[in-house]
Amino acid sequence: MKKIQFIVIGKTQDSYVQDGIAVFMQRLAPFCQATWHVSKPANYVTTTKKLALEQEAKQIRSFINPRDFTFICDEKGKSLTSIALAKTIEAKAIDGYSSLNFVIGGAFGIAPLLKQEGFLLSFSNMTFNHQLFRLLLIEQVYRSFTILQGSGYHHE
């Protein structure tokens, strides 16, 4: 896997989350080129939920190449163990995908049509703070690469 894109709505505001993301960006560097794409959230006060989701979906799509494999983080998605996520990442590399996308939506989630354009991935039935979830996601992506490498980071 050559490239990982994290596509998110809204800036990471909490400094401790920014610091954690920076740590895992450095740790990912030997495995892949990881980048973050941050889109401006819709104005939730002046627009409808449907329109906000459509606006954000358009921004998200602008970063996605149709030839990439896209994980869309959603509480109603499929839950995977860390090992299963690692194997999925490996399988996508074998299938010829050179880029993986991980999408985190805004306050209203992900537009229904956009959900159909990728693999719905759930970390839990619970809803997480979108800022904090970014750190959980990048750690799991890093963990996946260490599992595939066989390093001692992951313990069963």
# chains A, B, ... in the order shown; residues from 1 in each chain; ligands from 1

call {"tool": "select_by_dssp", "arguments": {"residues": "chain A", "states": "alpha helix (DSSP H)", "output": "PyMOL selection string"}}
result
chain A and resi 15-28+49-61+82-94+112-115+130-149

call {"tool": "residues_around", "arguments": {"residues": "range 126-135 of chain A", "least_positions_apart": "3", "cutoff": "6 Å", "atoms": "only C-alpha atoms", "output": "PyMOL selection string"}}
result
chain A and resi 12+21+138

call {"tool": "write_last_selection", "arguments": {"atoms": "N, CA, C and O atoms", "output": "PDB file, in the first residue's frame"}}
result
ATOM      1  N   THR A  12      -9.168  19.502  13.276  1.00  0.00           N
ATOM      2  CA  THR A  12      -8.904  18.891  14.572  1.00  0.00           C
ATOM      3  C   THR A  12      -8.569  20.028  15.522  1.00  0.00           C
ATOM      4  O   THR A  12      -7.557  20.705  15.356  1.00  0.00           O
ATOM      5  N   ILE A  21      -2.134  12.512  16.721  1.00  0.00           N
ATOM      6  CA  ILE A  21      -2.132  12.260  15.279  1.00  0.00           C
ATOM      7  C   ILE A  21      -0.723  12.440  14.718  1.00  0.00           C
ATOM      8  O   ILE A  21      -0.264  11.626  13.899  1.00  0.00           O
ATOM      9  N   ILE A 138      -6.344   6.538  13.193  1.00  0.00           N
ATOM     10  CA  ILE A 138      -4.951   6.486  12.729  1.00  0.00           C
ATOM     11  C   ILE A 138      -4.144   5.465  13.521  1.00  0.00           C
ATOM     12  O   ILE A 138      -3.265   4.794  12.980  1.00  0.00           O
TER      13      ILE A 138
END

call {"tool": "closest_atom_pairs", "arguments": {"of": "range 68-132 of chain A", "to": "range 38-53 of chain A", "cutoff": "10 Å", "atoms": "only C-alpha atoms", "output": "tab-separated table"}}
result
residue	atom	partner	partner_atom	distance
A:Ile104	CA	A:Val38	CA	9.9
A:Gly105	CA	A:Leu53	CA	8.6
A:Gly106	CA	A:Pro41	CA	6.5
A:Ala107	CA	A:Pro41	CA	8.3
A:Phe108	CA	A:Lys49	CA	6.8
A:Gly109	CA	A:Leu53	CA	7.3
A:Ile110	CA	A:Leu53	CA	6.2
A:Ala111	CA	A:Leu53	CA	4.9
A:Pro112	CA	A:Leu53	CA	8.5
A:Leu113	CA	A:Leu53	CA	9.8
A:Leu114	CA	A:Leu53	CA	9.3

call {"tool": "residues_around", "arguments": {"residues": "Thr35 in chain A", "least_positions_apart": "2", "cutoff": "10 Å", "atoms": "only C-alpha atoms", "output": "list in words"}}
result
Lys3, Ile4, Gln5, Phe6, Ile7, Met25, Cys32, Gln33, His37, Val38 and Asn101 of chain A

call {"tool": "write_last_selection", "arguments": {"atoms": "all heavy atoms", "output": "tab-separated table (two decimals), in the first residue's frame"}}
result
chain	number	residue	atom	x	y	z
A	3	LYS	N	-0.29	4.60	-0.43
A	3	LYS	CA	-0.87	5.87	-0.01
A	3	LYS	C	-2.12	5.65	0.84
A	3	LYS	O	-2.97	4.84	0.50
A	3	LYS	CB	-1.23	6.67	-1.27
A	3	LYS	CG	-1.68	8.07	-1.04
A	3	LYS	CD	-1.89	8.76	-2.39
A	3	LYS	CE	-2.47	10.14	-2.21
A	3	LYS	NZ	-2.78	10.78	-3.47
A	4	ILE	N	-2.20	6.39	1.93
A	4	ILE	CA	-3.38	6.39	2.79
A	4	ILE	C	-3.86	7.84	2.89
A	4	ILE	O	-3.06	8.74	3.16
A	4	ILE	CB	-3.06	5.90	4.22
A	4	ILE	CG1	-2.49	4.48	4.23
A	4	ILE	CG2	-4.28	6.03	5.13
A	4	ILE	CD1	-3.48	3.39	4.00
A	5	GLN	N	-5.14	8.03	2.65
A	5	GLN	CA	-5.73	9.36	2.81
A	5	GLN	C	-6.79	9.30	3.91
A	5	GLN	O	-7.66	8.44	3.88
A	5	GLN	CB	-6.40	9.83	1.52
A	5	GLN	CG	-5.46	10.04	0.37
A	5	GLN	CD	-6.17	10.68	-0.80
A	5	GLN	OE1	-5.89	11.82	-1.12
A	5	GLN	NE2	-7.10	9.98	-1.42
A	6	PHE	N	-6.69	10.22	4.85
A	6	PHE	CA	-7.71	10.41	5.86
A	6	PHE	C	-8.50	11.65	5.42
A	6	PHE	O	-7.93	12.74	5.33
A	6	PHE	CB	-7.09	10.62	7.24
A	6	PHE	CG	-6.29	9.45	7.73
A	6	PHE	CD1	-4.91	9.40	7.54
A	6	PHE	CD2	-6.91	8.38	8.36
A	6	PHE	CE1	-4.18	8.31	7.99
A	6	PHE	CE2	-6.18	7.29	8.80
A	6	PHE	CZ	-4.81	7.26	8.62
A	7	ILE	N	-9.76	11.46	5.13
A	7	ILE	CA	-10.60	12.54	4.62
A	7	ILE	C	-11.64	12.84	5.69
A	7	ILE	O	-12.45	11.98	6.03
A	7	ILE	CB	-11.26	12.14	3.29
A	7	ILE	CG1	-10.19	11.71	2.28
A	7	ILE	CG2	-12.12	13.29	2.76
A	7	ILE	CD1	-10.74	11.00	1.06
A	25	MET	N	1.37	9.78	12.60
A	25	MET	CA	1.81	10.12	11.23
A	25	MET	C	3.29	9.78	11.06
A	25	MET	O	3.70	9.22	10.04
A	25	MET	CB	1.55	11.60	10.94
A	25	MET	CG	0.10	11.95	10.70
A	25	MET	SD	-0.59	11.21	9.20
A	25	MET	CE	0.20	12.23	7.95
A	32	CYS	N	3.89	3.88	4.55
A	32	CYS	CA	3.08	4.47	3.48
A	32	CYS	C	3.18	5.99	3.53
A	32	CYS	O	3.68	6.56	4.50
A	32	CYS	CB	1.61	4.06	3.64
A	32	CYS	SG	0.86	4.69	5.16
A	33	GLN	N	2.67	6.61	2.50
A	33	GLN	CA	2.53	8.06	2.48
A	33	GLN	C	1.12	8.37	2.97
A	33	GLN	O	0.14	8.06	2.30
A	33	GLN	CB	2.71	8.60	1.06
A	33	GLN	CG	2.49	10.08	0.95
A	33	GLN	CD	2.43	10.54	-0.50
A	33	GLN	OE1	2.60	9.77	-1.43
A	33	GLN	NE2	2.17	11.82	-0.67
A	37	HIS	N	-6.86	15.21	4.60
A	37	HIS	CA	-7.61	16.21	3.83
A	37	HIS	C	-8.77	16.65	4.72
A	37	HIS	O	-9.60	15.82	5.11
A	37	HIS	CB	-8.14	15.63	2.52
A	37	HIS	CG	-7.05	15.17	1.62
A	37	HIS	ND1	-6.23	16.04	0.94
A	37	HIS	CD2	-6.63	13.93	1.28
A	37	HIS	CE1	-5.36	15.35	0.21
A	37	HIS	NE2	-5.58	14.06	0.41
A	38	VAL	N	-8.80	17.92	5.02
A	38	VAL	CA	-9.81	18.46	5.93
A	38	VAL	C	-10.72	19.40	5.13
A	38	VAL	O	-10.25	20.36	4.53
A	38	VAL	CB	-9.16	19.23	7.09
A	38	VAL	CG1	-10.22	19.79	8.03
A	38	VAL	CG2	-8.18	18.33	7.85
A	101	ASN	N	-8.56	5.14	1.26
A	101	ASN	CA	-9.15	6.32	1.87
A	101	ASN	C	-9.92	5.90	3.11
A	101	ASN	O	-10.61	4.89	3.09
A	101	ASN	CB	-10.11	7.02	0.91
A	101	ASN	CG	-9.47	7.37	-0.39
A	101	ASN	OD1	-8.40	7.95	-0.44
A	101	ASN	ND2	-10.12	7.01	-1.49

call {"tool": "residues_around", "arguments": {"residues": "Glu75 in chain A", "least_positions_apart": "6", "cutoff": "8 Å", "atoms": "only C-alpha atoms", "output": "PyMOL selection string"}}
result
chain A and resi 121-127

call {"tool": "residues_around", "arguments": {"residues": "Tyr97 in chain A", "least_positions_apart": "5", "cutoff": "10 Å", "atoms": "only C-alpha atoms", "output": "PyMOL selection string"}}
result
chain A and resi 1-3+67-69+89-92

call {"tool": "write_last_selection", "arguments": {"atoms": "C-alpha atoms", "output": "mmCIF file, in the first residue's frame"}}
result
data_model
loop_
_atom_site.group_PDB
_atom_site.id
_atom_site.type_symbol
_atom_site.label_atom_id
_atom_site.label_comp_id
_atom_site.auth_asym_id
_atom_site.auth_seq_id
_atom_site.Cartn_x
_atom_site.Cartn_y
_atom_site.Cartn_z
ATOM 1 C CA MET A 1 0.000 0.000 0.000
ATOM 2 C CA LYS A 2 1.590 3.217 -1.097
ATOM 3 C CA LYS A 3 -0.871 5.874 -0.011
ATOM 4 C CA ARG A 67 -9.742 3.635 -8.481
ATOM 5 C CA ASP A 68 -9.022 3.954 -4.730
ATOM 6 C CA PHE A 69 -10.526 1.742 -2.063
ATOM 7 C CA ILE A 89 -5.739 -3.632 3.997
ATOM 8 C CA GLU A 90 -3.370 -6.345 2.791
ATOM 9 C CA ALA A 91 -6.034 -7.832 0.498
ATOM 10 C CA LYS A 92 -6.726 -4.433 -1.068
#

call {"tool": "select_by_dssp", "arguments": {"residues": "range 17-108 of chain A", "states": "strand (DSSP E or B)", "output": "MDAnalysis selection string"}}
result
chainID A and resid 33:39 69:79 99:104 106

call {"tool": "atom_distance", "arguments": {"atom1": "CA of Gln59 in chain A", "atom2": "CA of Leu85 in chain A"}}
result
25.9 Å

call {"tool": "atom_distance", "arguments": {"atom1": "CA of Ile72 in chain A", "atom2": "CA of Gln116 in chain A"}}
result
9.2 Å

call {"tool": "closest_residue", "arguments": {"among": "A:Tyr16, A:Phe71, A:Tyr142, A:Trp36", "to": "Ala86 in chain A", "atoms": "only C-alpha atoms"}}
result
A:Tyr142

call {"tool": "closest_residue", "arguments": {"among": "A:Ala93, A:Val103, A:Leu120, A:Val17", "to": "Ile64 in chain A", "atoms": "only C-alpha atoms"}}
result
A:Val103

call {"tool": "closest_residue", "arguments": {"among": "A:Gln55, A:Gln140, A:Thr70, A:Thr146", "to": "Ile9 in chain A", "atoms": "only C-alpha atoms"}}
result
A:Gln55

call {"tool": "closest_residue", "arguments": {"among": "A:Tyr153, A:Ser99, A:Glu56, A:Asp14", "to": "Glu139 in chain A", "atoms": "only C-alpha atoms"}}
result
A:Tyr153

call {"tool": "atom_distance", "arguments": {"atom1": "CA of Lys11 in chain A", "atom2": "CA of Lys76 in chain A"}}
result
23.8 Å

call {"tool": "closest_residue", "arguments": {"among": "A:Lys58, A:Pro66, A:Gly20, A:Gly152", "to": "Ser98 in chain A", "atoms": "only C-alpha atoms"}}
result
A:Pro66
